[in-house]
>>> print(open('protein-v1.json').read())   # JSON, C-alpha atoms
[["chain", "number", "residue", "atom", "x", "y", "z"],
["Z", 1, "MET", "CA", 118.53, 120.74, 53.54],
["Z", 2, "ALA", "CA", 121.90, 120.00, 52.02],
["Z", 3, "GLN", "CA", 122.42, 119.54, 48.31],
["Z", 4, "VAL", "CA", 122.80, 115.94, 47.16],
["Z", 5, "SER", "CA", 125.73, 115.58, 44.74],
["Z", 6, "ALA", "CA", 126.16, 113.04, 41.96],
["Z", 7, "THR", "CA", 128.69, 111.16, 44.10],
["Z", 8, "ASP", "CA", 126.12, 110.84, 46.93],
["Z", 9, "VAL", "CA", 123.53, 109.51, 44.49],
["Z", 10, "GLN", "CA", 126.04, 106.92, 43.25],
["Z", 11, "ARG", "CA", 126.62, 105.79, 46.84],
["Z", 12, "GLY", "CA", 122.85, 105.42, 47.32],
["Z", 13, "TRP", "CA", 122.53, 108.65, 49.31],
["Z", 14, "SER", "CA", 119.21, 110.29, 48.49],
["Z", 15, "VAL", "CA", 117.10, 113.01, 50.01],
["Z", 16, "GLN", "CA", 114.94, 110.38, 51.72],
["Z", 17, "THR", "CA", 118.03, 108.68, 53.16],
["Z", 18, "GLU", "CA", 119.28, 112.00, 54.47],
["Z", 19, "ARG", "CA", 115.93, 112.75, 56.12],
["Z", 20, "LEU", "CA", 115.91, 109.31, 57.72],
["Z", 21, "TYR", "CA", 119.48, 109.81, 58.94],
["Z", 22, "TRP", "CA", 118.68, 113.11, 60.65],
["Z", 23, "ARG", "CA", 115.39, 111.81, 62.06],
["Z", 24, "ARG", "CA", 117.20, 108.86, 63.69],
["Z", 25, "LYS", "CA", 120.02, 111.06, 64.98],
["Z", 26, "TRP", "CA", 117.64, 113.60, 66.56],
["Z", 27, "GLY", "CA", 115.37, 110.80, 67.81],
["Z", 28, "PHE", "CA", 118.20, 109.37, 69.91],
["Z", 29, "LEU", "CA", 119.02, 112.82, 71.22],
["Z", 30, "LEU", "CA", 115.37, 113.40, 72.18],
["Z", 31, "VAL", "CA", 115.27, 110.11, 74.06],
["Z", 32, "TYR", "CA", 118.27, 111.16, 76.15],
["Z", 33, "LEU", "CA", 116.83, 114.64, 76.57],
["Z", 34, "PHE", "CA", 113.59, 113.24, 78.01],
["Z", 35, "ILE", "CA", 115.26, 110.54, 80.13],
["Z", 36, "GLY", "CA", 117.97, 112.88, 81.42],
["Z", 37, "PRO", "CA", 116.05, 114.63, 84.23],
["Z", 38, "TRP", "CA", 114.70, 111.34, 85.57],
["Z", 39, "LEU", "CA", 118.12, 109.69, 85.34],
["Z", 40, "ILE", "CA", 119.84, 112.56, 87.16],
["Z", 41, "SER", "CA", 117.26, 112.54, 89.97],
["Z", 42, "PHE", "CA", 117.44, 108.73, 90.21],
["Z", 43, "ILE", "CA", 121.22, 108.84, 90.59],
["Z", 44, "LEU", "CA", 121.16, 111.73, 93.09],
["Z", 45, "PHE", "CA", 118.23, 110.67, 95.25],
["Z", 46, "ASP", "CA", 118.15, 106.87, 94.93],
["Z", 47, "ALA", "CA", 121.39, 105.27, 93.74],
["Z", 48, "LEU", "CA", 123.92, 107.46, 95.59],
["Z", 49, "PRO", "CA", 122.14, 107.25, 98.99],
["Z", 50, "ILE", "CA", 121.85, 103.47, 98.67],
["Z", 51, "VAL", "CA", 125.55, 103.07, 97.81],
["Z", 52, "SER", "CA", 126.52, 105.56, 100.53],
["Z", 53, "GLY", "CA", 124.38, 103.79, 103.13],
["Z", 54, "PHE", "CA", 125.86, 100.43, 102.19],
["Z", 55, "TYR", "CA", 129.40, 101.79, 102.46],
["Z", 56, "HIS", "CA", 128.76, 103.61, 105.75],
["Z", 57, "SER", "CA", 127.17, 100.53, 107.31],
["Z", 58, "PHE", "CA", 130.69, 99.08, 107.40],
["Z", 59, "THR", "CA", 132.24, 102.19, 108.98],
["Z", 60, "LYS", "CA", 132.14, 104.14, 112.21],
["Z", 61, "TRP", "CA", 131.14, 107.64, 111.16],
["Z", 62, "ASN", "CA", 129.39, 110.51, 112.92],
["Z", 63, "ALA", "CA", 128.64, 112.45, 109.68],
["Z", 64, "MET", "CA", 131.23, 115.11, 110.55],
["Z", 65, "GLY", "CA", 134.69, 113.60, 110.41],
["Z", 66, "GLU", "CA", 136.50, 110.88, 108.58],
["Z", 67, "ALA", "CA", 134.82, 107.47, 108.33],
["Z", 68, "GLU", "CA", 136.72, 104.66, 110.07],
["Z", 69, "TRP", "CA", 136.38, 101.21, 108.49],
["Z", 70, "VAL", "CA", 135.12, 98.68, 111.06],
["Z", 71, "GLY", "CA", 133.88, 95.90, 108.79],
["Z", 72, "MET", "CA", 131.13, 93.65, 110.15],
["Z", 73, "SER", "CA", 131.41, 94.88, 113.75],
["Z", 74, "ASN", "CA", 128.39, 97.19, 113.34],
["Z", 75, "PHE", "CA", 126.25, 94.21, 112.39],
["Z", 76, "VAL", "CA", 127.65, 92.02, 115.15],
["Z", 77, "GLU", "CA", 126.97, 94.78, 117.67],
["Z", 78, "ALA", "CA", 123.41, 95.23, 116.38],
["Z", 79, "VAL", "CA", 122.64, 91.52, 116.69],
["Z", 80, "ASN", "CA", 124.36, 90.91, 120.03],
["Z", 81, "ARG", "CA", 124.12, 94.16, 122.01],
["Z", 82, "ASP", "CA", 121.19, 96.19, 120.71],
["Z", 83, "SER", "CA", 118.09, 95.39, 122.74],
["Z", 84, "LEU", "CA", 115.74, 96.76, 120.08],
["Z", 85, "PHE", "CA", 117.19, 94.80, 117.15],
["Z", 86, "TRP", "CA", 115.21, 91.61, 117.66],
["Z", 87, "LYS", "CA", 112.09, 93.60, 118.55],
["Z", 88, "SER", "CA", 112.39, 95.47, 115.23],
["Z", 89, "VAL", "CA", 112.94, 92.18, 113.35],
["Z", 90, "THR", "CA", 109.83, 90.75, 115.05],
["Z", 91, "ASN", "CA", 107.80, 93.86, 114.20],
["Z", 92, "THR", "CA", 108.98, 93.73, 110.59],
["Z", 93, "LEU", "CA", 108.03, 90.06, 110.22],
["Z", 94, "TYR", "CA", 104.71, 90.73, 111.93],
["Z", 95, "TYR", "CA", 104.09, 93.69, 109.63],
["Z", 96, "ILE", "CA", 104.89, 91.66, 106.52],
["Z", 97, "GLY", "CA", 102.96, 88.64, 107.77],
["Z", 98, "ALA", "CA", 99.85, 90.72, 108.34],
["Z", 99, "SER", "CA", 100.00, 93.23, 105.48],
["Z", 100, "VAL", "CA", 100.67, 90.81, 102.62],
["Z", 101, "PRO", "CA", 97.79, 88.38, 103.31],
["Z", 102, "LEU", "CA", 95.39, 91.19, 104.23],
["Z", 103, "GLY", "CA", 96.36, 93.12, 101.11],
["Z", 104, "ILE", "CA", 95.82, 90.06, 98.90],
["Z", 105, "ILE", "CA", 92.46, 89.24, 100.50],
["Z", 106, "LEU", "CA", 91.31, 92.85, 100.25],
["Z", 107, "ALA", "CA", 92.49, 93.14, 96.63],
["Z", 108, "PHE", "CA", 90.74, 89.91, 95.69],
["Z", 109, "GLY", "CA", 87.53, 91.00, 97.41],
["Z", 110, "LEU", "CA", 87.64, 94.38, 95.70],
["Z", 111, "ALA", "CA", 88.24, 92.74, 92.33],
["Z", 112, "LEU", "CA", 85.20, 90.54, 92.85],
["Z", 113, "MET", "CA", 83.05, 93.52, 93.89],
["Z", 114, "LEU", "CA", 84.24, 95.68, 90.99],
["Z", 115, "ASN", "CA", 83.48, 93.03, 88.38],
["Z", 116, "ALA", "CA", 80.33, 91.48, 89.84],
["Z", 117, "SER", "CA", 76.88, 92.64, 88.77],
["Z", 118, "ILE", "CA", 75.77, 93.80, 92.20],
["Z", 119, "ARG", "CA", 73.90, 96.75, 93.56],
["Z", 120, "GLY", "CA", 76.17, 99.72, 94.24],
["Z", 121, "GLN", "CA", 78.84, 98.68, 91.76],
["Z", 122, "GLY", "CA", 79.38, 102.31, 90.70],
["Z", 123, "ALA", "CA", 79.93, 103.33, 94.33],
["Z", 124, "TYR", "CA", 82.44, 100.52, 94.82],
["Z", 125, "ARG", "CA", 84.33, 101.59, 91.70],
["Z", 126, "THR", "CA", 84.37, 105.21, 92.89],
["Z", 127, "ILE", "CA", 85.65, 104.26, 96.35],
["Z", 128, "TYR", "CA", 88.30, 102.06, 94.75],
["Z", 129, "TYR", "CA", 89.52, 104.79, 92.41],
["Z", 130, "LEU", "CA", 89.40, 107.59, 95.01],
["Z", 131, "PRO", "CA", 92.94, 107.04, 96.43],
["Z", 132, "SER", "CA", 94.34, 107.51, 92.92],
["Z", 133, "VAL", "CA", 92.69, 110.91, 92.67],
["Z", 134, "VAL", "CA", 93.33, 112.13, 96.22],
["Z", 135, "PRO", "CA", 96.98, 113.03, 96.89],
["Z", 136, "THR", "CA", 98.80, 110.94, 99.47],
["Z", 137, "VAL", "CA", 99.24, 113.88, 101.86],
["Z", 138, "ALA", "CA", 95.51, 114.55, 101.93],
["Z", 139, "SER", "CA", 94.85, 110.85, 102.47],
["Z", 140, "VAL", "CA", 97.28, 110.74, 105.42],
["Z", 141, "ILE", "CA", 95.57, 113.79, 106.96],
["Z", 142, "VAL", "CA", 92.24, 111.94, 106.74],
["Z", 143, "TRP", "CA", 93.82, 108.94, 108.49],
["Z", 144, "ILE", "CA", 95.16, 111.24, 111.21],
["Z", 145, "PHE", "CA", 91.61, 112.47, 111.80],
["Z", 146, "ILE", "CA", 90.45, 108.86, 112.00],
["Z", 147, "PHE", "CA", 93.11, 107.83, 114.53],
["Z", 148, "GLU", "CA", 93.22, 111.06, 116.58],
["Z", 149, "PRO", "CA", 93.07, 109.96, 120.26],
["Z", 150, "ARG", "CA", 90.50, 112.43, 121.63],
["Z", 151, "ARG", "CA", 88.27, 113.49, 118.76],
["Z", 152, "GLY", "CA", 89.02, 110.84, 116.13],
["Z", 153, "ILE", "CA", 86.25, 109.21, 114.17],
["Z", 154, "LEU", "CA", 87.28, 105.74, 115.32],
["Z", 155, "ASN", "CA", 87.25, 106.67, 119.01],
["Z", 156, "TRP", "CA", 83.94, 108.48, 118.52],
["Z", 157, "GLY", "CA", 82.50, 105.22, 117.16],
["Z", 158, "LEU", "CA", 83.90, 103.31, 120.13],
["Z", 159, "GLU", "CA", 82.26, 105.78, 122.52],
["Z", 160, "LEU", "CA", 78.90, 105.34, 120.78],
["Z", 161, "VAL", "CA", 78.92, 101.63, 121.58],
["Z", 162, "GLY", "CA", 80.21, 102.20, 125.13],
["Z", 163, "LEU", "CA", 83.83, 101.12, 124.68],
["Z", 164, "PRO", "CA", 86.81, 103.12, 126.02],
["Z", 165, "GLN", "CA", 88.91, 105.31, 123.76],
["Z", 166, "VAL", "CA", 92.15, 103.88, 122.38],
["Z", 167, "ARG", "CA", 95.40, 105.73, 121.73],
["Z", 168, "TRP", "CA", 95.88, 104.16, 118.31],
["Z", 169, "LEU", "CA", 99.27, 105.55, 117.38],
["Z", 170, "SER", "CA", 100.99, 105.76, 120.77],
["Z", 171, "ARG", "CA", 100.25, 102.32, 122.24],
["Z", 172, "PRO", "CA", 102.59, 99.62, 120.84],
["Z", 173, "ASP", "CA", 99.87, 96.94, 120.81],
["Z", 174, "TRP", "CA", 97.57, 99.10, 118.64],
["Z", 175, "ALA", "CA", 100.08, 101.15, 116.60],
["Z", 176, "LEU", "CA", 101.01, 98.30, 114.28],
["Z", 177, "TRP", "CA", 97.35, 97.61, 113.48],
["Z", 178, "ALA", "CA", 96.74, 101.30, 112.83],
["Z", 179, "GLU", "CA", 99.76, 101.41, 110.55],
["Z", 180, "LEU", "CA", 98.55, 98.32, 108.68],
["Z", 181, "ALA", "CA", 95.16, 99.98, 108.17],
["Z", 182, "LEU", "CA", 96.91, 103.07, 106.85],
["Z", 183, "LEU", "CA", 99.12, 100.99, 104.52],
["Z", 184, "ILE", "CA", 96.20, 99.03, 103.10],
["Z", 185, "GLY", "CA", 93.90, 102.08, 103.00],
["Z", 186, "VAL", "CA", 96.34, 104.38, 101.22]]
>>> encode(input="protein-v1.json", output="structure tokens")
Amino acid sequence: MAQVSATDVQRGWSVQTERLYWRRKWGFLLVYLFIGPWLISFILFDALPIVSGFYHSFTKWNAMGEAEWVGMSNFVEAVNRDSLFWKSVTNTLYYIGASVPLGIILAFGLALMLNASIRGQGAYRTIYYLPSVVPTVASVIVWIFIFEPRRGILNWGLELVGLPQVRWLSRPDWALWAELALLIGV
């Protein structure tokens, strides 16, 4: 701790003021020290790829040579010449149109079950909290076992009731529903 001179005391500079000054100075440095790693990773892995993708969407570039500016022609070509563009737009709208209402209905139903005085309330709360405890990778592996075409739990249940097996993830008419179940279940 530095000595406080008579001149400092005349200016209102005391030991308490000096402590407060250093505490504030180091406090700001600690904030930047703790935010720094997150900020660096955000810039490297989120902001730069977004800006780069936006820029390269207006260029013709094969990731090896120089990017050639083509303006809106990539978008015009996607809308007019790409046969899968409108199919992907339809799938996206279908996905949003199904996942948002189903997610809201499921969340509302779960909220009612978790707060109602019903039998099995502890089990409902455990099942609700389980995805927070189980890592996402483990959860996806469980969903793979559910949707596996030959020995999956879902196809096993279909066989028990005499229905044919379904290739959940490889048939376009079922894949979106399987993906919605995975999205809502994870």
>>> closest_residue(input="protein-v1.json", among="Z:Trp38, Z:Trp22, Z:Trp61, Z:Trp143", to="Ile184 (chain Z)", atoms="all atoms listed in the file")
Z:Trp143
>>> residues_near_point(input="protein-v1.json", point="(91.7, 100.4, 118.2)", cutoff="10 Å", atoms="only C-alpha atoms", output="list in words")
Phe147, Pro149, Leu154, Asn155, Leu158, Pro164, Gln165, Val166, Arg167, Trp168, Leu169, Arg171, Asp173, Trp174, Ala175, Trp177 and Ala178 of chain Z
>>> atom_distance(input="protein-v1.json", atom1="CA of Leu114 (chain Z)", atom2="CA of Ile141 (chain Z)")
26.7 Å
>>> atom_distance(input="protein-v1.json", atom1="CA of Glu179 (chain Z)", atom2="CA of Trp156 (chain Z)")
19.1 Å
>>> atom_distance(input="protein-v1.json", atom1="CA of Val89 (chain Z)", atom2="CA of Phe108 (chain Z)")
28.5 Å
>>> closest_residue(input="protein-v1.json", among="Z:Ser99, Z:Thr92, Z:Ser57, Z:Thr136", to="Val70 (chain Z)", atoms="all atoms listed in the file")
Z:Ser57
>>> closest_residue(input="protein-v1.json", among="Z:Asn91, Z:Pro172, Z:Ala67, Z:Ala116", to="Ser52 (chain Z)", atoms="all atoms listed in the file")
Z:Ala67
>>> axis_aligned_box(input="protein-v1.json", around="region 98-117 of chain Z", padding_each_side="5 Å", output="AutoDock Vina command-line options")
--center_x 88.8 --center_y 92.0 --center_z 98.4 --size_x 33.8 --size_y 17.3 --size_z 30.0
>>> residues_around(input="protein-v1.json", residues="Leu180 (chain Z)", least_positions_apart="6", cutoff="10 Å", atoms="all atoms listed in the file", output="JSON, numbers by chain")
{"Z": [95, 96, 98, 99, 100, 102, 103, 186]}
